[in-house]
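Trainee: Dropping in upload_14.txt, which is compact mmCIF, C-alpha atoms:
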# COMPACT_ATOMS: atom_id res chain seq x y z
CA MET A 1 201.21 54.96 68.42
CA THR A 2 201.02 51.52 70.07
CA VAL A 3 198.63 51.42 73.03
CA THR A 4 198.55 47.63 73.55
CA GLN A 5 201.16 45.08 74.52
CA ALA A 6 201.89 41.85 72.67
CA ASP A 7 199.41 39.93 74.82
CA GLY A 8 196.62 42.36 73.92
CA THR A 9 196.52 44.23 77.25
CA LEU A 10 196.57 48.01 77.33
CA THR A 11 199.77 49.83 78.16
CA VAL A 12 199.83 52.51 80.85
CA GLY A 13 199.61 55.19 78.17
CA GLY A 14 196.70 53.38 76.55
CA ARG A 15 194.81 53.20 79.81
CA PHE A 16 195.51 56.91 80.37
CA ARG A 17 194.06 57.84 76.98
CA ARG A 18 190.94 55.77 77.52
CA VAL A 19 190.04 57.51 80.78
CA ASN A 20 187.03 59.83 80.42
CA TRP A 21 188.56 62.89 82.07
CA ARG A 22 185.33 64.89 81.81
CA GLN A 23 183.85 63.00 84.74
CA TYR A 24 186.76 64.11 86.93
CA VAL A 25 186.68 67.79 85.95
CA VAL A 26 185.07 68.94 89.19
CA TYR A 27 187.59 67.07 91.38
CA ILE A 28 190.59 68.28 89.39
CA GLY A 29 189.20 71.82 89.31
CA PHE A 30 188.56 71.76 93.07
CA ILE A 31 192.16 70.75 93.82
CA VAL A 32 193.66 73.26 91.36
CA VAL A 33 191.56 76.18 92.64
CA PHE A 34 192.23 75.24 96.26
CA ILE A 35 195.98 75.22 95.61
CA TYR A 36 195.71 78.57 93.80
CA PHE A 37 193.86 80.30 96.64
CA ALA A 38 196.13 78.69 99.24
CA ALA A 39 199.16 80.06 97.39
CA THR A 40 197.75 83.55 96.79
CA GLN A 41 195.79 84.10 100.03
CA GLY A 42 198.00 82.14 102.42
CA ALA A 43 196.84 81.86 106.02
CA ASN A 44 193.79 83.99 105.27
CA PHE A 45 192.44 81.08 103.24
CA VAL A 46 194.05 77.96 104.69
CA ASN A 47 192.70 77.89 108.23
CA PRO A 48 189.95 75.89 109.97
CA THR A 49 187.59 78.86 110.31
CA THR A 50 187.68 79.63 106.59
CA LEU A 51 187.20 76.00 105.60
CA VAL A 52 184.19 75.61 107.91
CA THR A 53 182.76 78.87 106.56
CA ILE A 54 183.08 77.59 102.99
CA ILE A 55 181.22 74.39 103.87
CA THR A 56 178.44 76.09 105.85
CA GLN A 57 177.90 78.78 103.21
CA ALA A 58 177.61 76.02 100.61
CA THR A 59 174.89 74.15 102.53
CA PRO A 60 171.80 75.81 100.92
CA ILE A 61 173.40 75.38 97.47
CA THR A 62 174.17 71.73 98.28
CA VAL A 63 170.59 71.07 99.38
CA MET A 64 169.15 72.63 96.22
CA ALA A 65 171.75 70.81 94.13
CA VAL A 66 170.34 67.47 95.31
CA GLY A 67 166.90 68.37 93.93
CA THR A 68 168.47 69.77 90.76
CA VAL A 69 170.41 66.54 90.16
CA PHE A 70 167.09 64.70 89.98
CA MET A 71 165.61 67.46 87.81
CA LEU A 72 168.40 67.51 85.23
CA SER A 73 168.59 63.70 85.28
CA LEU A 74 164.99 63.79 84.18
CA GLY A 75 165.87 66.04 81.25
CA GLU A 76 163.96 68.98 82.79
CA ILE A 77 164.97 72.21 84.52
CA ASP A 78 163.58 74.30 87.38
CA LEU A 79 164.40 78.00 87.17
CA SER A 80 162.10 78.93 90.06
CA ILE A 81 164.18 77.50 92.92
CA GLY A 82 165.76 80.86 93.85
CA SER A 83 162.36 82.55 94.15
CA THR A 84 161.00 79.56 96.08
CA VAL A 85 163.82 79.97 98.61
CA ALA A 86 162.69 83.51 99.41
CA LEU A 87 158.97 82.71 99.60
CA SER A 88 159.50 79.62 101.77
CA ALA A 89 161.78 81.52 104.15
CA LEU A 90 159.31 84.38 104.48
CA VAL A 91 156.32 82.08 105.00
CA ALA A 92 158.26 80.18 107.68
CA ALA A 93 159.31 83.43 109.42
CA VAL A 94 155.77 84.87 109.34
CA SER A 95 154.33 81.56 110.61
CA LEU A 96 156.91 81.53 113.40
CA GLN A 97 155.88 85.00 114.50
CA ALA A 98 152.18 84.08 114.36
CA THR A 99 152.33 80.71 116.14
CA GLY A 100 155.62 80.59 118.02
CA GLN A 101 155.89 76.91 117.00
CA TRP A 102 159.10 76.11 115.15
CA TRP A 103 157.78 72.87 113.67
CA LEU A 104 154.68 74.55 112.22
CA ALA A 105 156.87 77.21 110.68
CA ALA A 106 159.18 74.58 109.19
CA LEU A 107 156.23 72.61 107.78
CA ALA A 108 154.78 75.80 106.28
CA GLY A 109 158.05 76.63 104.54
CA LEU A 110 158.48 73.12 103.16
CA ALA A 111 154.81 72.98 102.10
CA ILE A 112 155.20 76.18 100.08
CA GLY A 113 158.16 74.65 98.28
CA ALA A 114 156.22 71.46 97.56
CA VAL A 115 153.22 73.42 96.23
CA VAL A 116 155.39 75.49 93.87
CA GLY A 117 157.07 72.31 92.64
CA LEU A 118 153.74 70.53 92.10
CA VAL A 119 152.32 73.50 90.18
CA ASN A 120 155.37 73.42 87.92
CA GLY A 121 155.02 69.68 87.49
CA LEU A 122 151.31 69.84 86.65
CA PHE A 123 151.88 72.38 83.89
CA VAL A 124 154.71 70.26 82.48
CA THR A 125 152.89 66.91 82.64
CA LEU A 126 149.23 67.81 82.03
CA VAL A 127 149.44 70.96 79.92
CA ARG A 128 152.65 69.65 78.28
CA LEU A 129 154.53 72.92 78.39
CA PRO A 130 158.34 72.98 78.38
CA SER A 131 159.74 73.11 81.91
CA PHE A 132 161.98 76.02 80.94
CA LEU A 133 159.00 78.23 80.09
CA VAL A 134 156.85 77.05 83.01
CA THR A 135 159.51 77.63 85.65
CA LEU A 136 160.56 80.91 84.04
CA ALA A 137 156.97 82.11 84.53
CA THR A 138 156.67 80.79 88.09
CA MET A 139 160.06 82.29 88.95
CA GLY A 140 158.59 85.75 88.40
CA LEU A 141 155.27 84.83 89.98
CA VAL A 142 156.81 83.42 93.15
CA ALA A 143 159.26 86.34 93.42
CA GLY A 144 156.30 88.73 93.26
CA LEU A 145 154.47 86.81 95.97
CA ALA A 146 157.57 86.94 98.18
CA GLN A 147 157.77 90.71 97.78
CA GLN A 148 154.05 91.15 98.34
CA LEU A 149 153.87 88.92 101.42
CA THR A 150 155.71 91.31 103.74
CA ASN A 151 155.67 94.49 101.65
CA LEU A 152 159.43 94.19 100.97
CA GLN A 153 160.11 94.11 104.72
CA SER A 154 162.51 91.68 106.36
CA VAL A 155 161.14 89.35 109.03
CA PRO A 156 163.38 88.50 112.02
CA VAL A 157 163.71 84.93 113.26
CA THR A 158 164.36 84.82 117.01
CA GLU A 159 162.90 81.47 118.06
CA PRO A 160 165.91 79.60 119.54
CA VAL A 161 164.92 76.05 118.58
CA PHE A 162 164.27 77.00 114.96
CA SER A 163 167.57 78.87 114.79
CA TRP A 164 169.46 75.95 116.35
CA ILE A 165 167.99 73.35 113.98
CA PHE A 166 168.27 75.39 110.80
CA GLY A 167 171.54 77.20 111.15
CA ALA A 168 173.05 78.14 114.51
CA GLY A 169 173.35 74.78 116.24
CA ASP A 170 176.06 72.16 116.34
CA ILE A 171 176.27 68.44 117.13
CA ALA A 172 179.41 67.24 118.92
CA GLY A 173 181.22 70.34 117.70
CA MET A 174 180.09 69.90 114.09
CA PRO A 175 177.98 72.80 112.74
CA ILE A 176 174.40 71.77 112.11
CA LEU A 177 174.65 73.05 108.54
CA VAL A 178 177.38 70.50 107.81
CA VAL A 179 175.10 67.80 109.23
CA TRP A 180 172.28 68.96 106.93
CA SER A 181 174.59 68.73 103.91
CA ILE A 182 175.68 65.19 104.79
CA VAL A 183 172.15 63.96 105.51
CA VAL A 184 170.52 65.46 102.41
CA VAL A 185 173.28 64.31 100.03
CA ALA A 186 173.28 60.82 101.57
CA LEU A 187 169.49 60.54 101.16
CA GLY A 188 169.70 61.84 97.60
CA TRP A 189 172.45 59.38 96.70
CA HIS A 190 170.55 56.48 98.27
CA VAL A 191 167.34 57.25 96.37
CA LEU A 192 169.15 57.86 93.08
CA ARG A 193 171.46 54.84 93.19
CA GLN A 194 169.83 52.31 95.50
CA ARG A 195 166.08 52.70 94.99
CA ARG A 196 163.85 51.86 92.06
CA PHE A 197 162.64 55.45 91.82
CA GLY A 198 166.16 56.67 91.02
CA ALA A 199 166.43 54.13 88.21
CA HIS A 200 163.08 55.34 86.87
CA VAL A 201 164.27 58.96 86.90
CA LEU A 202 167.37 58.08 84.88
CA ALA A 203 165.33 55.93 82.49
CA VAL A 204 162.88 58.78 81.82
CA GLY A 205 165.80 61.17 81.32
CA ASN A 206 167.42 58.82 78.83
CA ARG A 207 164.31 58.20 76.77
CA ALA A 208 160.85 59.00 78.10
CA ALA A 209 159.00 57.10 75.37
CA ALA A 210 160.94 53.90 76.01
CA ALA A 211 160.47 54.32 79.77
CA SER A 212 156.71 54.63 79.26
CA VAL A 213 156.59 51.49 77.10
CA SER A 214 158.48 49.57 79.79
CA GLY A 215 155.76 50.39 82.31
CA ILE A 216 157.22 53.43 84.09
CA ARG A 217 154.61 56.05 84.94
CA VAL A 218 156.47 58.98 83.42
CA ASN A 219 154.13 61.74 84.55
CA ARG A 220 154.11 60.44 88.11
CA VAL A 221 157.92 60.39 88.18
CA LYS A 222 158.06 63.95 86.83
CA LEU A 223 155.55 65.24 89.39
CA ILE A 224 157.53 63.73 92.27
CA VAL A 225 160.80 65.20 90.99
CA PHE A 226 159.28 68.67 90.57
CA ALA A 227 157.85 68.47 94.10
CA LEU A 228 161.26 67.31 95.38
CA SER A 229 162.94 70.27 93.69
CA GLY A 230 160.48 72.62 95.41
CA VAL A 231 160.97 70.95 98.81
CA THR A 232 164.77 71.21 98.61
CA ALA A 233 164.41 74.90 97.70
CA GLY A 234 162.05 75.31 100.66
CA LEU A 235 164.56 73.62 102.97
CA ALA A 236 167.29 75.92 101.66
CA GLY A 237 165.05 78.85 102.60
CA LEU A 238 164.73 77.52 106.15
CA LEU A 239 168.50 77.10 106.39
CA TYR A 240 169.07 80.66 105.20
CA SER A 241 166.57 82.11 107.66
CA GLY A 242 168.01 80.04 110.53
CA ARG A 243 171.61 81.00 109.77
CA LEU A 244 170.89 84.67 109.11
CA ALA A 245 168.27 84.97 111.91
CA GLY A 246 165.77 86.45 109.49
CA ALA A 247 164.09 86.22 106.11
CA THR A 248 163.85 88.67 103.24
CA TYR A 249 162.59 88.62 99.66
CA THR A 250 166.18 88.80 98.31
CA LEU A 251 167.17 85.37 99.67
CA GLY A 252 168.17 82.93 96.95
CA GLY A 253 168.18 85.64 94.30
CA SER A 254 171.58 84.68 92.89
CA ASP A 255 171.56 80.98 93.80
CA LEU A 256 170.24 79.58 90.51
CA MET A 257 173.55 80.12 88.71
CA SER A 258 175.54 78.56 91.55
CA VAL A 259 173.27 75.52 91.78
CA LEU A 260 173.29 74.86 88.04
CA ALA A 261 177.06 75.33 87.89
CA ALA A 262 177.60 72.97 90.85
CA VAL A 263 175.39 70.23 89.40
CA ILE A 264 176.63 70.41 85.80
CA VAL A 265 180.29 70.74 86.75
CA GLY A 266 179.71 67.82 89.11
CA GLY A 267 178.90 65.51 86.21
CA THR A 268 175.12 65.57 85.84
CA ALA A 269 174.17 65.79 82.18
CA LEU A 270 172.13 68.82 81.18
CA THR A 271 170.20 66.67 78.71
CA GLY A 272 169.20 63.95 81.20
CA GLY A 273 170.01 60.32 81.89
CA LYS A 274 173.31 60.84 83.73
CA ALA A 275 173.79 62.02 87.30
CA SER A 276 176.38 62.32 90.04
CA MET A 277 175.23 63.18 93.54
CA ILE A 278 178.74 63.22 95.03
CA GLY A 279 179.89 65.33 92.09
CA ALA A 280 177.12 67.84 92.89
CA LEU A 281 178.33 68.02 96.51
CA VAL A 282 181.91 68.68 95.39
CA GLY A 283 180.58 71.14 92.82
CA SER A 284 178.71 73.13 95.46
CA LEU A 285 181.81 73.26 97.67
CA PHE A 286 183.79 74.26 94.57
CA MET A 287 181.45 77.19 93.89
CA SER A 288 181.47 78.25 97.55
CA MET A 289 185.26 78.11 97.62
CA ILE A 290 185.48 80.24 94.47
CA ASN A 291 183.05 82.83 95.87
CA TYR A 292 184.90 83.04 99.18
CA GLY A 293 188.32 83.11 97.56
CA LEU A 294 187.30 85.86 95.14
CA LEU A 295 185.80 87.81 98.05
CA LEU A 296 189.09 87.56 99.93
CA GLY A 297 190.82 88.68 96.74
CA GLY A 298 188.73 91.84 96.65
CA LEU A 299 186.46 91.00 93.71
CA THR A 300 182.99 92.50 93.64
CA VAL A 301 179.71 90.57 93.53
CA ALA A 302 179.38 91.47 89.84
CA GLN A 303 182.81 90.00 89.10
CA GLN A 304 181.89 86.85 91.02
CA MET A 305 178.78 86.49 88.85
CA ILE A 306 180.95 86.79 85.74
CA VAL A 307 183.17 83.97 86.99
CA ARG A 308 180.13 81.77 87.73
CA GLY A 309 178.79 82.47 84.25
CA VAL A 310 182.09 81.40 82.66
CA ILE A 311 182.08 78.21 84.74
CA ILE A 312 178.54 77.39 83.59
CA LEU A 313 179.51 77.92 79.93
CA ILE A 314 182.48 75.58 80.28
CA ALA A 315 180.44 73.00 82.18
CA VAL A 316 177.58 73.02 79.67
CA SER A 317 180.03 72.69 76.78
CA LEU A 318 181.67 69.66 78.39
CA SER A 319 178.29 68.13 79.21
CA LEU A 320 176.96 68.47 75.65
CA ARG A 321 180.21 67.21 74.11
CA ALA A 322 180.13 64.19 76.38
CA LYS A 323 176.52 63.49 75.32
CA LYS A 324 177.47 63.66 71.62
CA SER A 325 180.47 61.39 72.13
CA SER A 326 178.31 58.78 73.85
Once more with this new file: its structure as C-alpha cells, please.

Mentor:
Amino acid sequence: MTVTQADGTLTVGGRFRRVNWRQYVVYIGFIVVFIYFAATQGANFVNPTTLVTIITQATPITVMAVGTVFMLSLGEIDLSIGSTVALSALVAAVSLQATGQWWLAALAGLAIGAVVGLVNGLFVTLVRLPSFLVTLATMGLVAGLAQQLTNLQSVPVTEPVFSWIFGAGDIAGMPILVVWSIVVVALGWHVLRQRRFGAHVLAVGNRAAAASVSGIRVNRVKLIVFALSGVTAGLAGLLYSGRLAGATYTLGGSDLMSVLAAVIVGGTALTGGKASMIGALVGSLFMSMINYGLLLGGLTVAQQMIVRGVIILIAVSLSLRAKKSS
C-alpha cells in the first residue's frame, strides 16, 4: 500500500502508521477508562469530590513513582519502597510524640528512607549484587523493623502543623497533597530532562560500560538514585501519616505493584535508558482512578490486585517489545 505521495512526502495514512502508539498507551488508557467509569458509575464518579479524591489518593504513589522513574531508567529496581514507607511513617510518628517538633519528625522519616536507599545502593555498587535480590532482602528486613518498632501498634499523629503540611492542609483551596504531587513531579522532570545528572542516569541505563568510559561515575550515580528512591518512599510515608492522622506497619504494603504499574505504563522502560516523568504522573492517576472506580463498582481488594497485576503484565510486555524493536 502506498504511504508516500509523488513528491516523497508521507500521506496521512503513512504518518499514522509511523506513530509509535506504545508511548501514548497510558494517555489513551486513561481516557478510555475514565469514559467507561463515567458511563457505568454516572454522577457517583463524575463529580468534583471524587476527582479530587482520586488525585489526593494518588499522591503517595506519584511521589514514589518519581523515584522509581529514576531507578528503572538506571536499569535497576527497588522492591523495598513499600516497606520503607511504613518504617519512615512510624519513625516520624514516634519522633513526633517524643519531641513535639514536626520538622524533626519529618527529617527523621526522610533520613530513614535515605539510609535504606543508601544501604541498597552500597550492596549493589560495592558488593555488586543484583538490585532485585538486594531490595528483596531489605524489603523483608525493613518490614520486620517496622513491625518491631512499635510492637505492631499504630501510632497517632495529632500535631496540627505536621498534619497540615503532610496531608490535611490546603493552599488557596487546593489540597496540599495536590501541591506535593505537582512540586515533586516538576522537580523530578527538571532533574531528569534539564540537568546533567538526569542525562547521566539515562546514559548509565542505556549502557553502563560506555557511560563509564565517557567519564561518568557510574557507582556515584547509582548511589544517588538509590538514596533518592528511599527519600521519595520516606516522603510518601509522611504523606500517608499526615493524611490518615497516624502511622502503622501496614502502610505501603500494596503500593509496590501500583508504583511499578504507573511508571511502566507511563512509558519508562523496565530495562533502562528511557523515561517519562509526565507519563508516570498520568500512570499514577490512572491506577488511582482504576482502584476508586473498581471500589465504587463493588470489587474487593483482592480483585483490585488482580486488575493491577494484569496491567503490569501488559505494561511489561509493551515495554520489552518496544526495547526489542528499537

Trainee: Find the residues near Gly205 (chain A): any atom within 6 Å, counting all atoms listed in the file, skip ones fewer than 4 places away on the same chain, and give them as a list in words.

Mentor: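 Listed by chain and then number, they are Ser73, Leu74, Gly75, Gly272 and Gly273 of chain A.
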
Trainee: Would you tabulate, counting all atoms listed in the file, all residues of region 22-59 of chain A that have an atom at most 12 Å from an atom of region 248-267 of chain A, showing the closest pair of atoms and their distance in Å to one decimal, sorted by chain then ascending number, as CSV?

Mentor:
residue,atom,partner,partner_atom,distance
A:Arg22,CA,A:Gly267,CA,7.8
A:Gln23,CA,A:Gly267,CA,5.7
A:Tyr24,CA,A:Gly267,CA,8.0
A:Val25,CA,A:Val265,CA,7.1
A:Val26,CA,A:Gly266,CA,5.5
A:Tyr27,CA,A:Gly266,CA,8.2
A:Ile28,CA,A:Gly266,CA,10.9
A:Gly29,CA,A:Val265,CA,9.3
A:Phe30,CA,A:Val265,CA,10.5
A:Gln57,CA,A:Asp255,CA,11.6
A:Ala58,CA,A:Ser258,CA,9.6
A:Thr59,CA,A:Val259,CA,11.0

Trainee: Which residues come within 10 Å of Glu76 (chain A), counting all atoms listed in the file, excluding same-chain residues fewer than 4 positions away, as a PyMOL selection string?

Mentor: chain A and resi 68+70-72+124+130-132+205+222+225-226+270-272

Trainee: Using Å and a single decimal, report how far CA of Ala86 (chain A) sits from CA of Leu285 (chain A).

Mentor: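 The value is 21.8 Å.
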
Trainee: Point out the residue among A:Leu90, A:Leu122, A:Leu145, A:Val63 with the least atom-to-atom distance to Asn219 (chain A), counting all atoms listed in the file.

Mentor: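 Closest residue, counting all atoms listed in the file: A:Leu122.
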
Trainee: Just the number, please: distance in Å from CA of Trp103 (chain A) to CA of Ala65 (chain A), one decimal.

Mentor: 24.1 Å

Trainee: Residues at most 10 Å from region 153-159 of chain A, counting all atoms listed in the file, excluding those fewer than 5 positions away in the same chain, as a PyMOL selection string?

Mentor: chain A and resi 89-94+96-97+100-102+147-148+164+241-250

Trainee: Calculated over all atoms listed in the file, which of the candidates A:Ser83, A:Thr50, A:Ser163, A:Thr232 has the smallest distance to Ser288 (chain A)?

Mentor: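 Looking at the shortest contact to Ser288 (chain A), the residue is A:Thr50.
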
Trainee: What is the distance, in Å and to one decimal place, between CA of Ala137 (chain A) and CA of Ser80 (chain A)?

Mentor: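 Between CA of Ala137 (chain A) and CA of Ser80 (chain A) the gap works out to 8.2 Å.
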
Trainee: Counting all atoms listed in the file, which residue out of A:Ile165, A:Ile35, A:Leu152, A:Val85 sits closest to Ile61 (chain A)?

Mentor: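 Counting all atoms listed in the file, the residue closest to Ile61 (chain A) is A:Val85.
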
Trainee: With a distance cut-off of 8 Å and all atoms listed in the file, select the neighbouring residues of Val231 (chain A), excluding the residue or stretch itself and same-chain residues fewer than 3 positions from it, and output the selection as an MDAnalysis selection string.

Mentor: chainID A and resid 110:114 117 227:228 234:235

Trainee: Calculated over all atoms listed in the file, which of the candidates A:Ala146, A:Val282, A:Leu294, A:Trp180 has the smallest distance to Ala168 (chain A)?

Mentor: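 Checking each candidate against Ala168 (chain A), we get A:Trp180 as the closest.
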